[in-house]
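**Q** File follows, final-v3.cif with mmCIF, C-alpha atoms:
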```cif
data_target
#
loop_
_atom_site.label_atom_id
_atom_site.label_comp_id
_atom_site.auth_asym_id
_atom_site.auth_seq_id
_atom_site.Cartn_x
_atom_site.Cartn_y
_atom_site.Cartn_z
CA MET Q 323 -9.49 18.56 15.86
CA THR Q 324 -10.12 19.90 12.37
CA SER Q 325 -7.07 19.92 10.13
CA ARG Q 326 -6.57 20.77 6.49
CA MET Q 327 -5.30 18.14 4.06
CA THR Q 328 -1.76 18.61 2.86
CA ALA Q 329 -1.31 19.36 -0.82
CA GLN Q 330 -0.09 15.78 -1.32
CA ASP Q 331 -3.05 14.22 0.51
CA ALA Q 332 -5.42 16.36 -1.49
CA SER Q 333 -3.84 15.30 -4.77
CA TYR Q 334 -4.41 11.60 -3.93
CA TYR Q 335 -7.97 12.40 -2.89
CA TYR Q 336 -8.74 14.19 -6.16
CA LEU Q 337 -6.91 11.65 -8.33
CA GLU Q 338 -9.49 9.00 -7.49
CA THR Q 339 -12.05 8.08 -10.15
CA SER Q 340 -14.67 5.36 -10.30
CA ASN Q 341 -12.23 3.26 -12.36
CA THR Q 342 -9.19 3.93 -10.16
CA PRO Q 343 -10.10 3.86 -6.45
CA MET Q 344 -7.06 5.02 -4.51
CA HIS Q 345 -7.11 2.66 -1.52
CA VAL Q 346 -4.40 0.27 -0.35
CA GLY Q 347 -5.44 -3.13 0.95
CA SER Q 348 -4.12 -5.94 3.12
CA LEU Q 349 -5.33 -9.55 3.21
CA ALA Q 350 -4.40 -11.45 6.38
CA ILE Q 351 -4.99 -15.21 6.76
CA LEU Q 352 -5.40 -16.20 10.42
CA GLU Q 353 -5.43 -19.39 12.46
CA PRO Q 354 -8.03 -18.86 15.20
CA PRO Q 355 -7.17 -19.74 18.80
CA GLU Q 356 -8.81 -22.67 20.52
CA GLY Q 357 -11.89 -20.66 21.42
CA GLY Q 358 -12.25 -19.32 17.88
CA LEU Q 359 -12.16 -15.80 16.49
CA ASP Q 360 -15.51 -14.10 16.28
CA TYR Q 361 -16.68 -10.79 14.91
CA GLU Q 362 -17.32 -9.28 18.34
CA SER Q 363 -13.74 -9.85 19.52
CA VAL Q 364 -12.34 -8.25 16.35
CA LEU Q 365 -14.73 -5.33 16.79
CA ARG Q 366 -13.57 -4.82 20.39
CA LEU Q 367 -9.91 -4.96 19.39
CA VAL Q 368 -10.34 -2.40 16.63
CA GLU Q 369 -12.27 -0.10 18.95
CA GLN Q 370 -9.52 -0.35 21.58
CA ARG Q 371 -6.77 0.47 19.07
CA LEU Q 372 -8.52 3.34 17.27
CA PRO Q 373 -6.93 5.98 19.57
CA GLU Q 374 -3.57 5.01 18.02
CA VAL Q 375 -4.88 5.93 14.56
CA PRO Q 376 -7.11 8.96 15.32
CA ARG Q 377 -7.60 9.86 11.65
CA TYR Q 378 -9.65 6.67 11.26
CA ARG Q 379 -12.51 8.45 13.05
CA LYS Q 380 -12.31 11.49 10.80
CA LYS Q 381 -14.09 12.12 7.53
CA VAL Q 382 -13.34 14.52 4.71
CA ARG Q 383 -15.20 17.78 4.20
CA GLU Q 384 -14.69 19.67 0.97
CA VAL Q 385 -14.72 23.46 0.86
CA ALA Q 386 -17.36 25.24 -1.23
CA PHE Q 387 -16.22 26.39 -4.68
CA GLY Q 388 -12.93 24.54 -4.18
CA LEU Q 389 -11.41 27.62 -2.54
CA SER Q 390 -9.09 25.51 -0.39
CA ARG Q 391 -8.04 21.95 0.18
CA PRO Q 392 -10.48 19.64 2.01
CA VAL Q 393 -10.28 19.26 5.79
CA TRP Q 394 -10.31 16.29 8.17
CA VAL Q 395 -13.14 16.60 10.72
CA ASP Q 396 -14.38 14.28 13.46
CA ASP Q 397 -17.24 12.07 12.31
CA ARG Q 398 -19.85 12.76 15.00
CA ASP Q 399 -21.92 9.87 13.63
CA PHE Q 400 -18.99 7.45 13.60
CA ASP Q 401 -20.30 3.87 13.50
CA ILE Q 402 -17.61 1.25 13.92
CA THR Q 403 -19.96 -1.51 12.77
CA TYR Q 404 -20.17 0.22 9.38
CA HIS Q 405 -16.40 0.05 8.97
CA VAL Q 406 -15.76 -3.38 10.52
CA ARG Q 407 -17.94 -5.81 8.61
CA ARG Q 408 -18.61 -9.52 8.60
CA SER Q 409 -18.57 -11.73 5.53
CA ALA Q 410 -18.43 -15.47 4.85
CA LEU Q 411 -17.64 -17.97 2.12
CA PRO Q 412 -19.70 -21.10 1.58
CA LYS Q 413 -17.89 -23.79 3.59
CA PRO Q 414 -15.33 -25.02 2.90
CA GLY Q 415 -14.31 -21.79 1.19
CA SER Q 416 -11.33 -22.07 -1.14
CA ASP Q 417 -8.48 -19.60 -1.56
CA GLU Q 418 -9.74 -18.88 -5.10
CA GLN Q 419 -13.16 -17.91 -3.73
CA LEU Q 420 -11.46 -15.64 -1.18
CA HIS Q 421 -9.42 -13.97 -3.92
CA ASP Q 422 -12.60 -13.38 -5.95
CA LEU Q 423 -14.16 -11.71 -2.90
CA VAL Q 424 -11.09 -9.52 -2.41
CA ALA Q 425 -11.21 -8.51 -6.08
CA ARG Q 426 -14.82 -7.37 -5.67
CA LEU Q 427 -14.05 -5.46 -2.47
CA VAL Q 428 -11.02 -3.77 -4.03
CA SER Q 429 -13.16 -2.65 -6.97
CA ARG Q 430 -15.54 -0.62 -4.80
CA PRO Q 431 -14.63 2.99 -3.98
CA LEU Q 432 -14.91 4.00 -0.34
CA ASP Q 433 -17.84 6.10 0.87
CA ARG Q 434 -16.57 9.68 0.93
CA THR Q 435 -19.21 10.76 3.44
CA ARG Q 436 -17.54 8.57 6.10
CA PRO Q 437 -13.98 7.90 7.31
CA LEU Q 438 -12.09 6.43 4.38
CA TRP Q 439 -11.53 2.81 5.43
CA GLU Q 440 -13.25 -0.57 5.69
CA MET Q 441 -12.43 -3.93 7.25
CA TYR Q 442 -13.97 -7.36 6.57
CA LEU Q 443 -13.75 -10.45 8.75
CA VAL Q 444 -14.22 -13.35 6.31
CA GLU Q 445 -15.31 -16.64 7.82
CA GLY Q 446 -15.81 -20.06 6.25
CA LEU Q 447 -12.31 -20.63 4.86
CA ALA Q 448 -11.16 -24.23 4.52
CA ASN Q 449 -9.00 -25.73 7.30
CA ASP Q 450 -10.79 -23.62 9.93
CA ARG Q 451 -9.00 -20.44 8.88
CA VAL Q 452 -10.39 -16.92 8.82
CA ALA Q 453 -9.33 -13.89 6.78
CA LEU Q 454 -9.20 -10.20 7.57
CA PHE Q 455 -9.25 -7.81 4.61
CA THR Q 456 -8.65 -4.10 5.20
CA LYS Q 457 -8.58 -1.20 2.79
CA SER Q 458 -7.60 2.40 3.54
CA HIS Q 459 -7.57 5.41 1.23
CA SER Q 460 -4.16 6.66 0.13
CA ALA Q 461 -5.08 10.15 1.31
CA LEU Q 462 -5.66 8.74 4.80
CA VAL Q 463 -2.31 7.02 5.45
CA ASP Q 464 0.80 9.18 5.14
CA GLY Q 465 3.10 7.07 7.34
CA GLU Q 466 4.05 10.03 9.51
CA GLU Q 467 0.94 11.61 10.99
CA ALA Q 468 -1.36 8.69 10.18
CA LEU Q 469 -0.65 4.95 10.16
CA ASP Q 470 -2.55 2.13 8.50
CA ILE Q 471 -4.83 0.51 11.07
CA VAL Q 472 -3.37 -2.95 10.34
CA GLN Q 473 -0.11 -1.77 11.87
CA VAL Q 474 -1.62 -1.33 15.34
CA LEU Q 475 -3.80 -4.46 15.45
CA PHE Q 476 -1.16 -7.18 15.62
CA ASP Q 477 0.85 -8.17 18.70
CA LYS Q 478 3.97 -10.23 19.28
CA GLU Q 479 2.20 -12.45 21.82
CA PRO Q 480 -1.15 -14.28 21.72
CA VAL Q 481 -2.40 -12.14 24.60
CA PRO Q 482 -3.20 -8.64 23.27
CA ARG Q 483 -1.16 -5.83 24.78
CA GLU Q 484 -2.92 -3.59 27.25
CA VAL Q 485 -4.17 -0.32 25.82
CA PRO Q 486 -5.36 2.49 28.11
CA GLU Q 487 -9.05 3.21 27.73
CA GLU Q 488 -9.80 6.50 26.08
CA LEU Q 489 -13.13 8.28 25.99
CA TRP Q 490 -13.51 9.79 22.55
CA MET Q 491 -15.56 12.96 22.36
CA PRO Q 492 -15.93 14.19 18.78
CA GLU Q 493 -15.57 17.88 18.17
CA ARG Q 494 -18.42 19.88 16.71
CA GLU Q 495 -18.37 19.66 12.92
CA PRO Q 496 -17.71 23.03 11.27
CA SER Q 497 -20.51 24.55 9.20
CA GLU Q 498 -20.21 25.27 5.50
CA SER Q 499 -19.88 28.96 6.27
CA ALA Q 500 -17.10 28.33 8.82
CA LEU Q 501 -15.16 26.27 6.27
CA LEU Q 502 -15.63 28.99 3.69
CA VAL Q 503 -14.47 31.74 6.09
CA GLY Q 504 -11.39 29.68 6.97
CA ALA Q 505 -10.60 29.15 3.30
CA LEU Q 506 -10.96 32.87 2.55
CA ALA Q 507 -8.65 33.71 5.45
CA GLU Q 508 -6.03 31.35 4.03
CA LEU Q 509 -6.46 32.91 0.58
CA VAL Q 510 -5.56 36.29 2.05
CA ALA Q 511 -2.61 34.90 4.02
CA ARG Q 512 -1.31 32.53 1.29
CA PRO Q 513 -2.76 33.49 -2.11
CA GLY Q 514 -0.52 31.00 -3.93
CA GLU Q 515 -2.24 28.07 -2.24
CA GLY Q 516 -5.59 29.43 -3.26
CA ILE Q 517 -4.61 29.34 -6.93
CA ALA Q 518 -3.56 25.70 -6.58
CA ALA Q 519 -6.81 24.85 -4.82
CA VAL Q 520 -8.94 26.40 -7.57
CA ARG Q 521 -6.97 24.48 -10.19
CA SER Q 522 -7.64 21.25 -8.33
CA ALA Q 523 -11.33 22.05 -8.03
CA VAL Q 524 -11.71 22.22 -11.80
CA GLY Q 525 -9.77 19.01 -12.31
CA ASP Q 526 -6.34 20.47 -13.11
CA LEU Q 527 -3.85 18.85 -10.73
CA THR Q 528 -0.80 20.03 -12.65
CA ALA Q 529 0.54 22.29 -9.94
CA THR Q 530 0.28 19.73 -7.15
CA LEU Q 531 1.61 16.82 -9.20
CA THR Q 532 4.47 18.87 -10.62
CA GLU Q 533 5.56 19.70 -7.10
CA THR Q 534 5.50 16.01 -6.18
CA VAL Q 535 7.39 14.94 -9.30
CA ASP Q 536 10.02 17.63 -8.77
CA ALA Q 537 10.56 16.41 -5.21
CA VAL Q 538 10.77 12.71 -6.00
CA GLY Q 539 11.72 12.56 -9.66
CA ARG Q 540 15.36 13.54 -9.15
CA ILE Q 541 16.16 10.08 -7.85
CA ALA Q 542 16.25 8.38 -11.24
CA ARG Q 543 17.77 9.15 -14.63
CA THR Q 544 14.71 7.60 -16.27
CA ALA Q 545 12.53 10.38 -14.90
CA ALA Q 546 12.92 12.34 -18.12
CA GLN Q 547 11.99 9.43 -20.35
CA SER Q 548 8.69 7.89 -21.33
CA ALA Q 549 8.10 4.23 -20.62
CA PRO Q 550 7.67 1.95 -23.66
CA GLU Q 551 4.20 0.92 -24.71
CA THR Q 552 3.19 -2.47 -23.29
CA PRO Q 553 -0.04 -4.45 -22.84
CA LEU Q 554 0.12 -3.38 -19.19
CA ASN Q 555 -0.73 0.18 -20.22
CA THR Q 556 -4.33 0.39 -21.34
CA GLN Q 557 -7.63 1.91 -20.36
CA ILE Q 558 -8.89 0.01 -17.32
CA SER Q 559 -12.36 -0.87 -16.09
CA ARG Q 560 -13.99 -0.70 -12.66
CA SER Q 561 -13.54 -4.42 -11.96
CA ARG Q 562 -10.51 -6.26 -10.61
CA ARG Q 563 -8.87 -9.65 -10.36
CA PHE Q 564 -6.62 -10.67 -7.47
CA SER Q 565 -4.01 -13.39 -7.32
CA VAL Q 566 -1.20 -14.31 -4.92
CA VAL Q 567 2.19 -15.97 -4.78
CA HIS Q 568 3.99 -17.17 -1.67
CA SER Q 569 7.35 -18.82 -1.16
CA ASP Q 570 10.06 -19.32 1.43
CA LEU Q 571 12.41 -16.39 2.08
CA GLU Q 572 15.58 -18.50 2.23
CA PRO Q 573 15.84 -19.12 -1.57
CA TYR Q 574 16.01 -15.35 -2.11
CA ARG Q 575 19.01 -15.14 0.19
CA LYS Q 576 20.70 -18.02 -1.59
CA ILE Q 577 19.97 -16.47 -4.97
CA ASP Q 578 21.63 -13.19 -3.97
CA GLY Q 579 24.67 -15.09 -2.73
CA ALA Q 580 24.80 -17.06 -5.98
CA ARG Q 581 24.62 -13.83 -7.98
CA PHE Q 582 27.62 -12.47 -6.07
CA ARG Q 583 29.67 -15.65 -6.68
CA TRP Q 584 28.70 -15.71 -10.36
CA LEU Q 585 29.79 -12.11 -10.87
CA ARG Q 586 33.12 -12.72 -9.16
CA VAL Q 587 33.81 -15.51 -11.65
CA TYR Q 588 32.78 -13.58 -14.73
CA THR Q 589 33.82 -10.02 -13.88
CA GLN Q 590 36.87 -10.70 -11.70
CA ASP Q 591 35.92 -7.56 -9.78
CA PRO Q 592 34.04 -7.98 -6.50
CA ASP Q 593 33.50 -4.21 -6.38
CA ASP Q 594 31.20 -4.57 -9.39
CA CYS Q 595 28.88 -6.72 -7.28
CA GLY Q 596 26.72 -4.05 -5.71
CA ASP Q 597 24.20 -4.92 -3.02
CA ASN Q 598 20.63 -5.42 -4.17
CA ASP Q 599 19.27 -2.12 -2.89
CA THR Q 600 16.08 -1.92 -4.89
CA ILE Q 601 13.82 -2.59 -1.91
CA GLN Q 602 11.54 0.29 -1.23
CA VAL Q 603 11.53 0.48 2.56
CA HIS Q 604 14.49 0.94 4.89
CA PRO Q 605 14.95 -0.12 8.52
CA GLN Q 606 14.92 3.48 9.69
CA GLY Q 607 11.28 3.76 8.70
CA GLU Q 608 11.92 5.63 5.46
CA VAL Q 609 10.54 4.94 2.00
CA SER Q 610 12.51 5.28 -1.22
CA SER Q 611 11.37 4.95 -4.79
CA PHE Q 612 13.22 3.98 -7.96
CA LEU Q 613 12.42 4.05 -11.66
CA LEU Q 614 14.28 1.04 -13.05
CA ASP Q 615 14.63 -0.21 -16.61
CA LEU Q 616 13.91 -3.93 -16.25
CA PRO Q 617 16.04 -6.10 -18.60
CA VAL Q 618 13.11 -8.17 -19.84
CA GLY Q 619 14.94 -9.09 -23.07
CA GLU Q 620 17.90 -10.71 -21.27
CA PRO Q 621 17.60 -14.53 -21.38
CA ASN Q 622 20.03 -15.23 -18.53
CA ALA Q 623 18.24 -15.07 -15.18
CA VAL Q 624 21.38 -14.22 -13.15
CA VAL Q 625 22.36 -11.44 -15.54
CA ARG Q 626 18.83 -9.99 -15.31
CA LEU Q 627 19.05 -9.95 -11.53
CA SER Q 628 22.49 -8.38 -11.59
CA HIS Q 629 21.34 -5.59 -13.93
CA ILE Q 630 18.55 -4.74 -11.50
CA ALA Q 631 20.86 -4.89 -8.49
CA HIS Q 632 23.42 -2.58 -10.11
CA ALA Q 633 20.72 -0.11 -11.14
CA GLY Q 634 19.34 -0.09 -7.62
CA GLU Q 635 22.80 0.55 -6.19
CA ALA Q 636 23.39 3.43 -8.59
CA TYR Q 637 20.08 5.06 -7.69
CA SER Q 638 20.57 4.47 -3.97
CA ARG Q 639 23.33 7.10 -3.97
CA GLN Q 640 20.93 9.78 -5.19
CA ARG Q 641 17.58 8.52 -3.92
CA ARG Q 642 15.00 10.71 -2.31
CA ARG Q 643 13.66 9.23 0.91
CA VAL Q 644 10.22 10.01 2.26
CA ALA Q 645 10.37 10.09 6.05
CA ALA Q 646 7.96 7.85 7.91
CA GLN Q 647 9.45 7.93 11.39
CA THR Q 648 6.15 7.41 13.18
CA MET Q 649 6.10 3.84 11.88
CA VAL Q 650 9.03 2.75 14.04
CA ARG Q 651 7.62 4.12 17.28
CA LEU Q 652 4.88 1.51 17.56
CA SER Q 653 5.16 -2.25 17.65
CA GLY Q 654 3.02 -4.11 15.17
CA PHE Q 655 2.91 -4.89 11.48
CA ALA Q 656 4.45 -1.86 9.79
CA PRO Q 657 4.46 -3.14 6.17
CA ALA Q 658 0.81 -2.18 5.73
CA THR Q 659 1.75 1.45 6.34
CA MET Q 660 4.91 1.14 4.24
CA HIS Q 661 2.98 -0.10 1.21
CA ALA Q 662 0.54 2.78 1.58
CA VAL Q 663 3.40 5.29 1.64
CA GLY Q 664 5.11 3.54 -1.27
CA ALA Q 665 1.97 3.76 -3.37
CA ARG Q 666 1.68 7.47 -2.53
CA VAL Q 667 5.22 8.04 -3.82
CA ALA Q 668 4.48 6.18 -7.06
CA MET Q 669 1.35 8.26 -7.63
CA GLY Q 670 3.55 11.35 -7.72
CA PHE Q 671 5.15 10.23 -10.96
CA SER Q 672 3.52 10.72 -14.31
CA GLN Q 673 2.09 7.38 -15.41
CA ARG Q 674 3.83 7.90 -18.77
CA MET Q 675 7.15 7.33 -17.00
CA PHE Q 676 6.62 3.71 -15.93
CA ASN Q 677 4.65 0.61 -16.85
CA LEU Q 678 4.31 -1.22 -13.56
CA MET Q 679 4.25 -0.25 -9.89
CA ILE Q 680 5.94 -2.68 -7.48
CA THR Q 681 6.09 -2.02 -3.75
CA ASN Q 682 8.21 -4.10 -1.39
CA ALA Q 683 8.09 -3.83 2.40
CA PRO Q 684 10.02 -6.10 4.79
CA GLY Q 685 8.06 -7.47 7.71
CA PRO Q 686 8.93 -9.10 11.04
CA GLN Q 687 10.47 -12.57 10.95
CA HIS Q 688 8.55 -13.85 13.95
CA PRO Q 689 4.88 -14.81 14.45
CA LEU Q 690 2.26 -12.13 15.09
CA TYR Q 691 -1.18 -12.46 16.64
CA LEU Q 692 -4.52 -10.71 16.39
CA THR Q 693 -6.50 -11.14 19.61
CA GLY Q 694 -5.01 -14.63 19.98
CA ALA Q 695 -5.28 -15.69 16.32
CA ARG Q 696 -1.94 -16.42 14.70
CA LEU Q 697 -1.13 -14.58 11.49
CA LEU Q 698 -0.35 -17.27 8.91
CA GLU Q 699 -0.05 -15.23 5.71
CA ILE Q 700 -0.26 -11.58 4.71
CA PHE Q 701 -0.83 -10.39 1.14
CA PRO Q 702 -0.60 -6.66 0.34
CA VAL Q 703 -2.93 -5.13 -2.26
CA SER Q 704 -1.72 -1.98 -4.00
CA PRO Q 705 -4.05 0.17 -6.14
CA LEU Q 706 -4.13 0.35 -9.93
CA LEU Q 707 -3.05 3.68 -11.33
CA LYS Q 708 -4.56 5.27 -14.43
CA ASN Q 709 -4.00 3.20 -17.59
CA GLN Q 710 -2.04 0.56 -15.68
CA ALA Q 711 -3.55 -2.92 -15.70
CA LEU Q 712 -1.39 -4.49 -12.98
CA SER Q 713 0.25 -3.62 -9.68
CA ILE Q 714 2.39 -5.95 -7.57
CA ALA Q 715 3.11 -5.68 -3.87
CA LEU Q 716 5.22 -8.02 -1.76
CA THR Q 717 5.94 -8.43 1.92
CA SER Q 718 8.20 -10.73 3.90
CA TYR Q 719 6.91 -12.24 7.14
CA ASP Q 720 8.04 -15.07 9.41
CA GLY Q 721 10.41 -16.69 6.92
CA LYS Q 722 8.25 -16.31 3.81
CA ILE Q 723 7.55 -13.86 0.97
CA TYR Q 724 3.98 -12.93 0.05
CA TYR Q 725 3.00 -11.33 -3.27
CA GLY Q 726 -0.32 -9.68 -4.00
CA LEU Q 727 -1.22 -9.08 -7.68
CA ASN Q 728 -4.03 -6.60 -8.27
CA ALA Q 729 -5.15 -6.52 -11.92
CA ASP Q 730 -7.85 -5.11 -14.15
CA ARG Q 731 -10.47 -7.77 -14.78
CA ASP Q 732 -10.83 -7.07 -18.51
CA ALA Q 733 -7.25 -6.24 -19.43
CA MET Q 734 -5.67 -9.11 -17.47
CA PRO Q 735 -7.93 -12.15 -17.43
CA ASP Q 736 -4.75 -14.25 -17.13
CA VAL Q 737 -3.39 -12.70 -13.93
CA ASP Q 738 -3.10 -16.21 -12.46
CA VAL Q 739 -0.65 -16.99 -15.24
CA ALA Q 740 1.45 -14.00 -14.16
CA ALA Q 741 1.45 -15.38 -10.62
CA THR Q 742 2.62 -18.76 -11.90
CA LEU Q 743 5.39 -17.13 -13.93
CA ILE Q 744 6.68 -15.34 -10.81
CA GLN Q 745 7.01 -18.70 -9.10
CA GLU Q 746 8.72 -20.19 -12.16
CA SER Q 747 11.17 -17.29 -12.31
CA LEU Q 748 12.14 -17.90 -8.70
CA GLU Q 749 12.73 -21.57 -9.49
CA GLU Q 750 14.83 -20.54 -12.51
CA LEU Q 751 17.03 -18.34 -10.35
CA THR Q 752 17.29 -21.05 -7.69
CA ASP Q 753 18.43 -23.58 -10.30
CA ALA Q 754 20.95 -21.11 -11.71
CA GLY Q 755 22.47 -20.63 -8.26
CA ARG Q 756 23.16 -24.31 -7.66
#
```
Kindly return the structure encoded in the file as structure tokens.
**A**
Amino acid sequence: MTSRMTAQDASYYYLETSNTPMHVGSLAILEPPEGGLDYESVLRLVEQRLPEVPRYRKKVREVAFGLSRPVWVDDRDFDITYHVRRSALPKPGSDEQLHDLVARLVSRPLDRTRPLWEMYLVEGLANDRVALFTKSHSALVDGEEALDIVQVLFDKEPVPREVPEELWMPEREPSESALLVGALAELVARPGEGIAAVRSAVGDLTATLTETVDAVGRIARTAAQSAPETPLNTQISRSRRFSVVHSDLEPYRKIDGARFRWLRVYTQDPDDCGDNDTIQVHPQGEVSSFLLDLPVGEPNAVVRLSHIAHAGEAYSRQRRRVAAQTMVRLSGFAPATMHAVGARVAMGFSQRMFNLMITNAPGPQHPLYLTGARLLEIFPVSPLLKNQALSIALTSYDGKIYYGLNADRDAMPDVDVAATLIQESLEELTDAGR
């Protein structure tokens, strides 16, 4: 079925440039079952689950003269082997080599003549592991009508759940003249939308972005302020670097408890100890966003954490939530979709208003499997926004926390140092809580 992009989807589609591809990624590290995990089995699984993410077989068609927003149409030439690809590292492939490969894959924009996603099965990792890297365009995944494909691939048991077979028959693709007639009809019915579409066609996204900022920007007092200049805000290149951090989840729980005890001692007022509510995704399947002033000049680690927690609590009373109810209706690995929705929300803000995008999505605390292969680690990869040299995404899964750091290759040659500093900061907080 042909459907027109929403104004928000279209804004993410048009925001993309060669230097800022707007896709969200996910790097999964897998332990193959006894019989191994081969490309053909992954291909079959993806093909079986595609009916649960129907937009993954649709491509984008733009309307002549930019008279209306683009439309999603069935790709009659859909070729799953184009989207699900096979790659390999020279054995035994190291994690550093894998991260270099991910950085190269993240750097490449998706082919706009095809459905806007790609998946890579990476073989040759040390210790008999394999990796699965997936990237999906931000215009593709809205969390409500369309999920990220990673969400529907994983199962709670080694044996994949049964999925009814579905014969997919693509609809006839509309002609250029049919798209133009449809756009003209909409111009007559809703002339205001036509004005916005023409503005977008000539590169002026002010109307669409203003609407997004008005809807989301009320959640934070900092929305009216400009972020300070930092080395993180610079013109970025087409190339990327990727680094990761992983640690146990339990220290984070202990740290939060230590923060509460510390504040009781020094403030004598337990009511001042607000819950740390700065996480971006809520159990109901909703996404919230905050603009927080990070106390980077505060030397005391516990005080820094408390400032952030109090700010998050204050904003939680006035936050704007973006509904994503479809995410909770399917079992699987929802954080991939949550990160995509979180990145979409951040893109609605003017990049002058913040220095760094951080998305945080809680995941299941039990093992997951992909056609019998156990998921060992999962690292999210959020996009870089214009003039922002770093983005950080983190996900919890099966008792651990996984960070993915996506950085501009030229502006942040030391992204591995940033990853090390994250680990050191956790250790600092752990020591302070003892």
**Q** Interatomic distance between atom CA of Q:Gly721 and atom CA of Q:Pro354?
**A**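 Taking atom CA of Q:Gly721 and atom CA of Q:Pro354, their separation equals 20.3 Å.
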**Q** From the options Q:Gly358, Q:Pro343, Q:Gly694, Q:Gly388, which residue's atoms come nearest to Q:Leu502, counting all atoms listed in the file?
**A**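 Smallest distance to Q:Leu502 is found for Q:Gly388.
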**Q** So which residues touch Q:Leu427 within 10 Å, counting all atoms listed in the file, skipping near sequence neighbours fewer than 4 positions away, as a PyMOL selection string?
**A** chain Q and resi 347+421-423+431-432+440-442+455-457+561-562
**Q** Set the distance at 7 Å and use only C-alpha atoms: which residues neighbour stretch 729-734 of chain Q once local chain neighbours fewer than 2 positions away are removed? I'd like the list as a list in words.
**A**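 Here the answer would be Ile558, Ser559, Ser561, Arg562, Arg563, Phe564, Ala711, Leu712, Ser713, Leu727, Asp736 and Val737 of chain Q.
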**Q** Which is closest to Q:Gly504 among Q:Val481, Q:Leu678, Q:Val393, Q:Ile402, if we use all atoms listed in the file?
**A** Q:Val393
**Q** Written as a compact mmCIF listing (two decimals) with C-alpha atoms, in the frame of the given file, what is the full residue list that the PyMOL selection byres ((chain Q and resi 473) around 12) yields on the file shown?
**A**
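See out.txt below for the written result:
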```
# COMPACT_ATOMS: atom_id res chain seq x y z
CA SER Q 348 -4.12 -5.94 3.12
CA ALA Q 350 -4.40 -11.45 6.38
CA VAL Q 368 -10.34 -2.40 16.63
CA ARG Q 371 -6.77 0.47 19.07
CA LEU Q 372 -8.52 3.34 17.27
CA GLU Q 374 -3.57 5.01 18.02
CA VAL Q 375 -4.88 5.93 14.56
CA THR Q 456 -8.65 -4.10 5.20
CA SER Q 458 -7.60 2.40 3.54
CA VAL Q 463 -2.31 7.02 5.45
CA GLY Q 465 3.10 7.07 7.34
CA ALA Q 468 -1.36 8.69 10.18
CA LEU Q 469 -0.65 4.95 10.16
CA ASP Q 470 -2.55 2.13 8.50
CA ILE Q 471 -4.83 0.51 11.07
CA VAL Q 472 -3.37 -2.95 10.34
CA VAL Q 474 -1.62 -1.33 15.34
CA LEU Q 475 -3.80 -4.46 15.45
CA PHE Q 476 -1.16 -7.18 15.62
CA ASP Q 477 0.85 -8.17 18.70
CA LYS Q 478 3.97 -10.23 19.28
CA THR Q 648 6.15 7.41 13.18
CA MET Q 649 6.10 3.84 11.88
CA VAL Q 650 9.03 2.75 14.04
CA ARG Q 651 7.62 4.12 17.28
CA LEU Q 652 4.88 1.51 17.56
CA SER Q 653 5.16 -2.25 17.65
CA GLY Q 654 3.02 -4.11 15.17
CA PHE Q 655 2.91 -4.89 11.48
CA ALA Q 656 4.45 -1.86 9.79
CA PRO Q 657 4.46 -3.14 6.17
CA ALA Q 658 0.81 -2.18 5.73
CA THR Q 659 1.75 1.45 6.34
CA MET Q 660 4.91 1.14 4.24
CA HIS Q 661 2.98 -0.10 1.21
CA ALA Q 662 0.54 2.78 1.58
CA GLY Q 685 8.06 -7.47 7.71
CA PRO Q 686 8.93 -9.10 11.04
CA LEU Q 690 2.26 -12.13 15.09
CA TYR Q 691 -1.18 -12.46 16.64
CA LEU Q 692 -4.52 -10.71 16.39
```
**Q** Counting only C-alpha atoms, which of Q:Gln370, Q:Thr339, Q:Thr552, Q:Gln330 gets nearest to Q:Arg391?
**A**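 The shortest atom-to-atom distance to Q:Arg391 comes from Q:Gln330.
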**Q** Atom CA of Q:Pro702 and atom CA of Q:Tyr724, how far apart in Å?
**A**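 Pair atom CA of Q:Tyr724 / atom CA of Q:Pro702 returns 7.8 Å.
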**Q** Give me, please, the distance in Å between atom CA of Q:Asp401 and atom CA of Q:Val452, quoted to one decimal.
**A**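 Distance between the two atoms: 23.5 Å.
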**Q** Out of Q:Ala500, Q:Gly357, Q:Ile680, Q:His568, which residue has the shortest atom-to-atom distance to Q:Leu706 when counting all atoms listed in the file?
**A** Q:Ile680
**Q** Take the PyMOL selection byres ((chain Q and resi 679) around 10), apply it to the structure above, and return the hits as a ChimeraX atom specification.
**A** /Q:613,664-665,668-669,673,676-678,680-681,704-707,710,712-715
**Q** Go through the shown structure with the PyMOL selection byres ((chain Q and resi 407-414) around 8) and write out the matching residues as a ChimeraX atom specification.
**A** /Q:361,403-406,415-416,419-420,440-449
**Q** For the residues in that selection, give me C-alpha atoms as a tab-separated table (two decimals), in the coordinates of the input.
**A**
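Output saved as result-v1.tsv:
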```tsv
chain	number	residue	atom	x	y	z
Q	361	TYR	CA	-16.68	-10.79	14.91
Q	403	THR	CA	-19.96	-1.51	12.77
Q	404	TYR	CA	-20.17	0.22	9.38
Q	405	HIS	CA	-16.40	0.05	8.97
Q	406	VAL	CA	-15.76	-3.38	10.52
Q	415	GLY	CA	-14.31	-21.79	1.19
Q	416	SER	CA	-11.33	-22.07	-1.14
Q	419	GLN	CA	-13.16	-17.91	-3.73
Q	420	LEU	CA	-11.46	-15.64	-1.18
Q	440	GLU	CA	-13.25	-0.57	5.69
Q	441	MET	CA	-12.43	-3.93	7.25
Q	442	TYR	CA	-13.97	-7.36	6.57
Q	443	LEU	CA	-13.75	-10.45	8.75
Q	444	VAL	CA	-14.22	-13.35	6.31
Q	445	GLU	CA	-15.31	-16.64	7.82
Q	446	GLY	CA	-15.81	-20.06	6.25
Q	447	LEU	CA	-12.31	-20.63	4.86
Q	448	ALA	CA	-11.16	-24.23	4.52
Q	449	ASN	CA	-9.00	-25.73	7.30
```
